[in-house]
$ cat target-v3.cif   # mmCIF, C-alpha atoms and all ligand atoms
data_run
#
loop_
_atom_site.group_PDB
_atom_site.id
_atom_site.type_symbol
_atom_site.label_atom_id
_atom_site.label_comp_id
_atom_site.auth_asym_id
_atom_site.auth_seq_id
_atom_site.Cartn_x
_atom_site.Cartn_y
_atom_site.Cartn_z
ATOM 1 C CA MET E 1 -6.142 -2.511 -0.319
ATOM 2 C CA ASP E 2 -7.773 0.874 -0.742
ATOM 3 C CA PRO E 3 -7.970 2.464 2.697
ATOM 4 C CA LYS E 4 -10.937 4.643 1.788
ATOM 5 C CA ARG E 5 -13.223 1.875 0.599
ATOM 6 C CA GLY E 6 -15.581 -0.506 2.329
ATOM 7 C CA LYS E 7 -18.055 -0.286 5.155
ATOM 8 C CA TYR E 8 -16.016 2.097 7.274
ATOM 9 C CA GLY E 9 -14.476 3.980 4.375
ATOM 10 C CA ASP E 10 -17.936 5.107 3.306
ATOM 11 C CA ARG E 11 -18.330 6.650 6.744
ATOM 12 C CA GLY E 12 -15.116 8.581 6.326
ATOM 13 C CA VAL E 13 -12.958 6.217 8.340
ATOM 14 C CA ILE E 14 -9.515 5.794 6.817
ATOM 15 C CA HIS E 15 -8.130 2.360 7.444
ATOM 16 C CA THR E 16 -4.572 2.628 8.642
ATOM 17 C CA LEU E 17 -2.223 -0.154 9.583
ATOM 18 C CA ASP E 18 0.401 0.491 12.187
ATOM 19 C CA MET E 19 3.531 1.789 10.470
ATOM 20 C CA TRP E 20 5.684 -0.303 12.762
ATOM 21 C CA HIS E 21 4.264 -3.438 11.180
ATOM 22 C CA GLY E 22 4.973 -2.126 7.702
ATOM 23 C CA ALA E 23 8.558 -1.215 8.517
ATOM 24 C CA LYS E 24 9.102 -4.439 10.406
ATOM 25 C CA SER E 25 7.806 -6.604 7.597
ATOM 26 C CA LEU E 26 10.050 -4.762 5.135
ATOM 27 C CA ALA E 27 13.089 -5.237 7.386
ATOM 28 C CA LYS E 28 12.278 -8.926 7.699
ATOM 29 C CA LYS E 29 12.131 -9.387 3.925
ATOM 30 C CA LEU E 30 15.382 -7.508 3.401
ATOM 31 C CA HIS E 31 17.064 -9.486 6.136
ATOM 32 C CA ALA E 32 15.939 -12.774 4.614
ATOM 33 C CA ALA E 33 17.180 -11.695 1.168
ATOM 34 C CA GLY E 34 20.506 -10.685 2.706
ATOM 35 C CA GLN E 35 21.037 -14.156 4.154
ATOM 36 C CA VAL E 36 21.296 -15.699 0.691
ATOM 37 C CA LYS E 37 24.807 -16.255 -0.650
ATOM 38 C CA GLY E 38 25.832 -13.517 -3.076
ATOM 39 C CA GLN E 39 23.194 -11.097 -1.749
ATOM 40 C CA THR E 40 24.773 -10.101 1.560
ATOM 41 C CA GLU E 41 25.353 -6.487 0.409
ATOM 42 C CA ILE E 42 21.672 -5.964 1.082
ATOM 43 C CA LEU E 43 22.322 -6.190 4.825
ATOM 44 C CA GLN E 44 24.457 -3.052 4.973
ATOM 45 C CA TRP E 45 21.642 -1.149 3.268
ATOM 46 C CA LEU E 46 18.854 -2.559 5.418
ATOM 47 C CA LYS E 47 18.668 0.260 7.946
ATOM 48 C CA ASP E 48 18.801 2.995 5.305
ATOM 49 C CA ILE E 49 16.128 1.364 3.204
ATOM 50 C CA VAL E 50 13.783 0.986 6.174
ATOM 51 C CA SER E 51 14.246 4.595 7.268
ATOM 52 C CA TYR E 52 13.767 5.688 3.669
ATOM 53 C CA PHE E 53 10.503 3.778 3.675
ATOM 54 C CA TRP E 54 9.384 5.811 6.735
ATOM 55 C CA PHE E 55 10.400 8.958 4.939
ATOM 56 C CA CYS E 56 8.423 8.039 1.787
ATOM 57 C CA CYS E 57 5.313 7.268 3.837
ATOM 58 C CA LYS E 58 5.627 10.614 5.563
ATOM 59 C CA GLU E 59 6.188 12.555 2.355
ATOM 60 C CA ALA E 60 3.631 10.896 0.110
ATOM 61 C CA GLN E 61 -0.085 11.499 0.376
ATOM 62 C CA ASN E 62 -0.935 9.086 -2.411
ATOM 63 C CA MET E 63 0.420 5.951 -4.004
ATOM 64 C CA GLU E 64 1.695 7.690 -7.131
ATOM 65 C CA ARG E 65 3.908 10.018 -5.140
ATOM 66 C CA PHE E 66 4.965 7.166 -2.889
ATOM 67 C CA MET E 67 6.095 5.039 -5.814
ATOM 68 C CA GLY E 68 7.883 8.012 -7.355
ATOM 69 C CA LEU E 69 9.960 8.384 -4.218
ATOM 70 C CA TRP E 70 10.196 4.739 -3.277
ATOM 71 C CA ARG E 71 11.513 3.536 -6.645
ATOM 72 C CA GLY E 72 14.407 5.903 -6.125
ATOM 73 C CA VAL E 73 15.882 3.445 -3.658
ATOM 74 C CA LEU E 74 16.678 1.107 -6.550
ATOM 75 C CA TYR E 75 18.731 3.833 -8.211
ATOM 76 C CA HIS E 76 20.337 5.182 -5.085
ATOM 77 C CA VAL E 77 21.802 1.842 -3.979
ATOM 78 C CA THR E 78 23.574 1.536 -7.331
ATOM 79 C CA GLY E 79 25.137 4.984 -6.945
ATOM 80 C CA ARG E 80 22.785 6.741 -9.337
ATOM 81 C CA HIS E 81 21.134 9.758 -7.760
ATOM 82 C CA GLU E 82 19.363 11.136 -10.813
ATOM 83 C CA TRP E 83 17.217 9.278 -13.303
ATOM 84 C CA THR E 84 14.634 9.917 -16.001
ATOM 85 C CA PHE E 85 11.705 10.765 -13.751
ATOM 86 C CA GLY E 86 13.345 11.918 -10.577
ATOM 87 C CA LYS E 87 16.331 12.325 -8.342
ATOM 88 C CA CYS E 88 17.375 11.650 -4.769
ATOM 89 C CA LEU E 89 16.324 14.205 -2.183
ATOM 90 C CA HIS E 90 19.330 13.758 0.078
ATOM 91 C CA GLU E 91 22.195 16.147 0.633
ATOM 92 C CA PRO E 92 25.553 15.230 -0.891
ATOM 93 C CA LEU E 93 26.716 12.011 0.744
ATOM 94 C CA ASN E 94 29.883 11.584 2.708
ATOM 95 C CA ASP E 95 29.559 8.184 4.358
ATOM 96 C CA GLU E 96 29.739 6.266 1.139
ATOM 97 C CA LYS E 97 28.618 2.685 1.310
ATOM 98 C CA GLU E 98 29.518 0.102 -1.219
ATOM 99 C CA TRP E 99 27.098 0.481 -4.122
ATOM 100 C CA ILE E 100 25.179 -2.554 -5.254
ATOM 101 C CA GLN E 101 25.966 -3.552 -8.827
ATOM 102 C CA LYS E 102 22.976 -3.233 -11.089
ATOM 103 C CA ASP E 103 21.750 -6.640 -12.279
ATOM 104 C CA SER E 104 23.795 -8.439 -9.595
ATOM 105 C CA PRO E 105 21.955 -11.145 -7.594
ATOM 106 C CA ALA E 106 21.733 -8.734 -4.634
ATOM 107 C CA TYR E 107 20.190 -6.077 -6.840
ATOM 108 C CA MET E 108 17.655 -8.451 -8.347
ATOM 109 C CA ALA E 109 16.688 -9.671 -4.867
ATOM 110 C CA LEU E 110 16.304 -6.066 -3.735
ATOM 111 C CA VAL E 111 14.020 -5.327 -6.670
ATOM 112 C CA GLY E 112 11.965 -8.327 -5.597
ATOM 113 C CA VAL E 113 11.512 -6.894 -2.111
ATOM 114 C CA VAL E 114 11.097 -3.226 -2.983
ATOM 115 C CA LEU E 115 8.560 -3.897 -5.736
ATOM 116 C CA ASN E 116 6.888 -6.853 -4.034
ATOM 117 C CA LYS E 117 3.273 -6.583 -5.173
ATOM 118 C CA LYS E 118 1.731 -8.184 -2.130
ATOM 119 C CA TRP E 119 3.606 -5.911 0.246
ATOM 120 C CA LEU E 120 2.925 -2.806 -1.869
ATOM 121 C CA LYS E 121 -0.787 -3.527 -1.602
ATOM 122 C CA ASP E 122 -0.634 -2.613 2.077
ATOM 123 C CA VAL E 123 1.296 0.589 1.521
ATOM 124 C CA PRO E 124 -1.725 2.889 0.955
ATOM 125 C CA THR E 125 -2.721 2.122 4.528
ATOM 126 C CA PHE E 126 0.594 3.485 5.769
ATOM 127 C CA LEU E 127 0.533 6.739 3.893
ATOM 128 C CA ASN E 128 -0.965 8.848 6.609
ATOM 129 C CA LEU E 129 1.807 7.611 8.812
ATOM 130 C CA ARG E 130 -0.226 6.712 11.807
ATOM 131 C CA THR E 131 0.954 4.426 14.487
ATOM 132 C CA THR E 132 -1.251 2.935 17.142
ATOM 133 C CA SER E 133 0.879 4.724 19.744
ATOM 134 C CA ASP E 134 -1.361 7.812 19.591
ATOM 135 C CA LEU E 135 -4.367 5.666 20.268
ATOM 136 C CA GLU E 136 -2.553 3.859 23.074
ATOM 137 C CA THR E 137 -1.679 7.211 24.617
ATOM 138 C CA PHE E 138 -5.335 8.192 24.546
ATOM 139 C CA HIS E 139 -6.405 4.918 26.129
ATOM 140 C CA ASN E 140 -3.855 5.324 28.889
ATOM 141 C CA HIS E 141 -5.163 8.818 29.377
ATOM 142 C CA ILE E 142 -8.726 7.525 29.869
ATOM 143 C CA LEU E 143 -7.380 5.080 32.459
ATOM 144 C CA MET E 144 -6.243 8.030 34.575
ATOM 145 C CA TYR E 145 -9.865 9.109 34.843
ATOM 146 C CA ALA E 146 -11.523 5.738 34.872
ATOM 147 C CA GLY E 147 -9.103 3.187 36.276
ATOM 148 C CA LYS E 148 -9.790 -0.454 35.555
ATOM 149 C CA ARG E 149 -9.578 -1.406 39.216
ATOM 150 C CA PHE E 150 -12.733 0.541 40.041
ATOM 151 C CA ALA E 151 -16.306 -0.217 39.102
ATOM 152 C CA PHE E 152 -18.305 2.708 37.742
ATOM 153 C CA SER E 153 -21.947 2.854 36.797
ATOM 154 C CA PRO E 154 -22.454 3.603 33.083
ATOM 155 C CA PRO E 155 -23.339 7.336 33.578
ATOM 156 C CA VAL E 156 -20.307 7.839 35.812
ATOM 157 C CA PHE E 157 -18.047 6.006 33.391
ATOM 158 C CA GLU E 158 -19.374 8.147 30.562
ATOM 159 C CA ALA E 159 -18.815 11.345 32.535
ATOM 160 C CA ARG E 160 -15.270 10.325 33.422
ATOM 161 C CA THR E 161 -14.487 9.418 29.812
ATOM 162 C CA LEU E 162 -15.812 12.803 28.708
ATOM 163 C CA LEU E 163 -13.603 14.511 31.285
ATOM 164 C CA ALA E 164 -10.633 12.533 29.988
ATOM 165 C CA ALA E 165 -11.455 13.605 26.417
ATOM 166 C CA LEU E 166 -11.787 17.260 27.461
ATOM 167 C CA ASP E 167 -8.433 17.136 29.196
ATOM 168 C CA TYR E 168 -6.821 15.373 26.210
ATOM 169 C CA ASN E 169 -8.206 17.707 23.557
ATOM 170 C CA HIS E 170 -7.526 20.787 25.598
ATOM 171 C CA HIS E 171 -3.894 19.952 26.281
ATOM 172 C CA ASN E 172 -2.840 17.875 23.294
ATOM 173 C CA SER E 173 -1.245 20.683 21.303
ATOM 174 C CA ARG E 174 0.126 22.727 24.170
ATOM 175 C CA PRO E 175 3.525 24.328 23.599
ATOM 176 C CA PRO E 176 6.789 22.728 24.686
ATOM 177 C CA MET E 177 8.261 23.523 28.073
ATOM 178 C CA LEU E 178 11.247 25.835 27.934
ATOM 179 C CA THR E 179 14.304 25.746 30.145
ATOM 180 C CA LYS E 180 15.599 28.818 31.970
ATOM 181 C CA GLU E 181 17.827 29.478 28.982
ATOM 182 C CA GLY E 182 14.815 29.410 26.694
ATOM 183 C CA ASN E 183 15.594 26.047 25.074
ATOM 184 C CA ARG E 184 13.188 23.192 24.721
ATOM 185 C CA ALA E 185 13.212 20.683 27.551
ATOM 186 C CA TYR E 186 13.728 17.059 26.541
ATOM 187 C CA GLN E 187 13.146 13.793 28.278
ATOM 188 C CA LYS E 188 14.755 10.463 27.490
ATOM 189 C CA ILE E 189 12.366 7.505 27.386
ATOM 190 C CA TYR E 190 13.332 3.887 26.874
ATOM 191 C CA ASN E 191 11.265 2.026 24.324
ATOM 192 C CA LYS E 192 11.093 -1.682 25.048
ATOM 193 C CA LYS E 193 9.862 -2.501 21.540
ATOM 194 C CA SER E 194 12.787 -0.950 19.707
ATOM 195 C CA ARG E 195 15.213 -1.385 22.664
ATOM 196 C CA ARG E 196 16.319 2.189 22.203
ATOM 197 C CA TYR E 197 16.093 5.500 23.983
ATOM 198 C CA SER E 198 14.086 8.200 22.315
ATOM 199 C CA LEU E 199 14.078 11.881 23.060
ATOM 200 C CA TYR E 200 10.754 13.524 23.700
ATOM 201 C CA THR E 201 9.949 17.179 24.002
ATOM 202 C CA VAL E 202 8.535 17.927 27.437
ATOM 203 C CA LYS E 203 5.303 19.846 27.113
ATOM 204 C CA SER E 204 4.384 22.802 29.292
ATOM 205 C CA HIS E 205 2.237 22.190 32.371
ATOM 206 C CA LYS E 206 -1.464 21.644 31.890
ATOM 207 C CA SER E 207 -3.630 24.673 32.599
ATOM 208 C CA TYR E 208 -7.040 23.036 33.098
ATOM 209 C CA ARG E 209 -8.482 26.409 32.121
ATOM 210 C CA TYR E 210 -11.750 24.818 31.031
ATOM 211 C CA ILE E 211 -12.548 23.654 34.579
ATOM 212 C CA PRO E 212 -14.055 26.981 35.867
ATOM 213 C CA ASP E 213 -16.324 27.068 32.779
ATOM 214 C CA LEU E 214 -17.345 23.526 33.518
ATOM 215 C CA GLN E 215 -18.045 24.366 37.158
ATOM 216 C CA ARG E 216 -20.112 27.385 36.136
ATOM 217 C CA ALA E 217 -22.123 25.257 33.736
ATOM 218 C CA ILE E 218 -22.712 22.631 36.409
ATOM 219 C CA THR E 219 -23.862 25.243 38.951
ATOM 220 C CA ARG E 220 -26.130 26.869 36.395
ATOM 221 C CA ARG E 221 -27.646 23.535 35.492
ATOM 222 C CA ARG E 222 -28.130 22.707 39.144
ATOM 223 C CA LEU E 223 -29.842 26.038 39.847
ATOM 224 C CA MET E 224 -32.082 25.664 36.833
ATOM 225 C CA SER E 225 -33.186 22.172 37.659
ATOM 226 C CA GLU E 226 -36.242 22.436 39.801
ATOM 227 C CA GLY E 227 -36.054 21.873 43.535
ATOM 228 C CA SER E 228 -32.626 20.314 43.684
ATOM 229 C CA ALA E 229 -30.806 23.544 44.571
ATOM 230 C CA LYS E 230 -33.208 24.363 47.411
ATOM 231 C CA THR E 231 -32.904 21.014 49.116
ATOM 232 C CA GLY E 232 -29.243 20.754 48.184
ATOM 233 C CA ASP E 233 -29.407 16.983 48.262
ATOM 234 C CA HIS E 234 -26.469 15.144 46.786
ATOM 235 C CA GLN E 235 -27.232 12.016 44.957
ATOM 236 C CA GLY E 236 -24.758 9.341 45.611
ATOM 237 C CA GLY E 237 -21.767 11.460 46.553
ATOM 238 C CA ARG E 238 -18.791 12.042 44.276
ATOM 239 C CA PRO E 239 -18.949 10.482 40.859
HETATM 240 ZN ZN ZN L 301 20.853 8.970 -3.746
#
$ encode --input "target-v3.cif" --output "structure tokens"
Amino acid sequence: MDPKRGKYGDRGVIHTLDMWHGAKSLAKKLHAAGQVKGQTEILQWLKDIVSYFWFCCKEAQNMERFMGLWRGVLYHVTGRHEWTFGKCLHEPLNDEKEWIQKDSPAYMALVGVVLNKKWLKDVPTFLNLRTTSDLETFHNHILMYAGKRFAFSPPVFEARTLLAALDYNHHNSRPPMLTKEGNRAYQKIYNKKSRRYSLYTVKSHKSYRYIPDLQRAITRRRLMSEGSAKTGDHQGGRP
């Protein structure tokens, strides 16, 4: 499917499927192919092929480039690292795996998976390598400002969501925290989905530098609005 088409595409929304689903569905197909007698060599390549798929999605901005890179997997597994229209991008290999014989049943099954038309149709939606985790992070961030356990009136909810967005946008690209020695600080986080630990860079503390500006704007607004500053009445307490 073309991610830039359709109702939302016309409005500039790029349809993206979660990369995890793409990688998972590929791994599933490879695993199934590797279960068949005479095709078990596929299994030892499974991990490499899936991570190569991630790499191709990251590298390629369009389908042509993706296919150029992706097809390379069918050469690489046979031990060929250069071919008519391209070559492998990896460094010289030292952990040599057993190559898959070209035209062997395993190879033919691999071709079936790698060039599977139905699966390839979804690939354009992966090419900007988005995962829903960014969106989930943002939603969790909103929950810090507007927790689900509290009831807010619509204007208060809106204000809290805006505050959450300000905080998020202001701090999203802040630099990493450095240790005393000047190295980046890392944190280990367990991911239940992949059952693995991942290392994350710890970001520097938030500055909230936009808050004084916000306070000034609020005071100004309050002073400008007729009468309210004189009487100093608060409507409804803290939002
Ligand atoms: Zn290669």
$ atom_distance --input "target-v3.cif" --atom1 "atom CA of Val111 of chain E" --atom2 "atom CA of Gln61 of chain E"
23.1 Å
$ residues_near_ligand --input "target-v3.cif" --ligand "ligand ZN 301 (chain L)" --cutoff "6 Å" --atoms "all atoms listed in the file" --output "compact mmCIF listing (two decimals) with C-alpha atoms, in the frame of the given file"
# COMPACT_ATOMS: atom_id res chain seq x y z
CA HIS E 76 20.34 5.18 -5.08
CA HIS E 81 21.13 9.76 -7.76
CA CYS E 88 17.38 11.65 -4.77
$ resolve_selection --input "target-v3.cif" --expression "the PyMOL selection byres (((chain E and resi 77) around 10) and not hetatm)" --output "PyMOL selection string"
chain E and resi 42+45+48-49+72-76+78-81+97-102+107+110
$ write_last_selection --input "target-v3.cif" --atoms "C-alpha atoms" --output "JSON list (two decimals), in the frame of the given file"
[["chain", "number", "residue", "atom", "x", "y", "z"],
["E", 42, "ILE", "CA", 21.67, -5.96, 1.08],
["E", 45, "TRP", "CA", 21.64, -1.15, 3.27],
["E", 48, "ASP", "CA", 18.80, 3.00, 5.30],
["E", 49, "ILE", "CA", 16.13, 1.36, 3.20],
["E", 72, "GLY", "CA", 14.41, 5.90, -6.12],
["E", 73, "VAL", "CA", 15.88, 3.44, -3.66],
["E", 74, "LEU", "CA", 16.68, 1.11, -6.55],
["E", 75, "TYR", "CA", 18.73, 3.83, -8.21],
["E", 76, "HIS", "CA", 20.34, 5.18, -5.08],
["E", 78, "THR", "CA", 23.57, 1.54, -7.33],
["E", 79, "GLY", "CA", 25.14, 4.98, -6.94],
["E", 80, "ARG", "CA", 22.78, 6.74, -9.34],
["E", 81, "HIS", "CA", 21.13, 9.76, -7.76],
["E", 97, "LYS", "CA", 28.62, 2.68, 1.31],
["E", 98, "GLU", "CA", 29.52, 0.10, -1.22],
["E", 99, "TRP", "CA", 27.10, 0.48, -4.12],
["E", 100, "ILE", "CA", 25.18, -2.55, -5.25],
["E", 101, "GLN", "CA", 25.97, -3.55, -8.83],
["E", 102, "LYS", "CA", 22.98, -3.23, -11.09],
["E", 107, "TYR", "CA", 20.19, -6.08, -6.84],
["E", 110, "LEU", "CA", 16.30, -6.07, -3.74]]
$ atom_distance --input "target-v3.cif" --atom1 "atom CA of Met19 of chain E" --atom2 "atom CA of Trp119 of chain E"
12.8 Å
$ resolve_selection --input "target-v3.cif" --expression "the PyMOL selection byres (((chain E and resi 141) around 12) and not hetatm)" --output "PyMOL selection string"
chain E and resi 134-140+142-147+160-169+171-172
$ atom_distance --input "target-v3.cif" --atom1 "atom CA of Leu43 of chain E" --atom2 "atom CA of Ala60 of chain E"
25.8 Å
$ axis_aligned_box --input "target-v3.cif" --around "segment 85-101 of chain E" --padding-each-side "3 Å" --output "JSON"
{"center_x": 20.8, "center_y": 6.3, "center_z": -4.7, "size_x": 24.2, "size_y": 25.7, "size_z": 24.1}
$ closest_residue --input "target-v3.cif" --among "E:Gln44, E:Ala185, E:Val123, E:Gly38" --to "Trp70 of chain E" --atoms "all atoms listed in the file"
E:Val123
$ residues_around --input "target-v3.cif" --residues "Gly112 of chain E" --least-positions-apart "5" --cutoff "10 Å" --atoms "all atoms listed in the file" --output "list in words"
Lys29, Leu30, Ala33, Ala106, Tyr107 and Lys117 of chain E
$ write_last_selection --input "target-v3.cif" --atoms "C-alpha atoms" --output "short mmCIF file (atom, residue, chain, number, x, y, z; two decimals), keeping the file's coordinate frame"
data_model
loop_
_atom_site.label_atom_id
_atom_site.label_comp_id
_atom_site.auth_asym_id
_atom_site.auth_seq_id
_atom_site.Cartn_x
_atom_site.Cartn_y
_atom_site.Cartn_z
CA LYS E 29 12.13 -9.39 3.92
CA LEU E 30 15.38 -7.51 3.40
CA ALA E 33 17.18 -11.70 1.17
CA ALA E 106 21.73 -8.73 -4.63
CA TYR E 107 20.19 -6.08 -6.84
CA LYS E 117 3.27 -6.58 -5.17
#
$ residues_near_point --input "target-v3.cif" --point "(9.3, 24.3, 26.9)" --cutoff "12 Å" --atoms "all atoms listed in the file" --output "MDAnalysis selection string"
chainID E and resid 174:187 200:205
$ write_last_selection --input "target-v3.cif" --atoms "C-alpha atoms" --output "CSV table (one decimal), in the frame of the given file"
chain,number,residue,atom,x,y,z
E,174,ARG,CA,0.1,22.7,24.2
E,175,PRO,CA,3.5,24.3,23.6
E,176,PRO,CA,6.8,22.7,24.7
E,177,MET,CA,8.3,23.5,28.1
E,178,LEU,CA,11.2,25.8,27.9
E,179,THR,CA,14.3,25.7,30.1
E,180,LYS,CA,15.6,28.8,32.0
E,181,GLU,CA,17.8,29.5,29.0
E,182,GLY,CA,14.8,29.4,26.7
E,183,ASN,CA,15.6,26.0,25.1
E,184,ARG,CA,13.2,23.2,24.7
E,185,ALA,CA,13.2,20.7,27.6
E,186,TYR,CA,13.7,17.1,26.5
E,187,GLN,CA,13.1,13.8,28.3
E,200,TYR,CA,10.8,13.5,23.7
E,201,THR,CA,9.9,17.2,24.0
E,202,VAL,CA,8.5,17.9,27.4
E,203,LYS,CA,5.3,19.8,27.1
E,204,SER,CA,4.4,22.8,29.3
E,205,HIS,CA,2.2,22.2,32.4
$ closest_residue --input "target-v3.cif" --among "E:Tyr210, E:Tyr52, E:Phe66, E:Tyr190" --to "Pro124 of chain E" --atoms "all atoms listed in the file"
E:Phe66
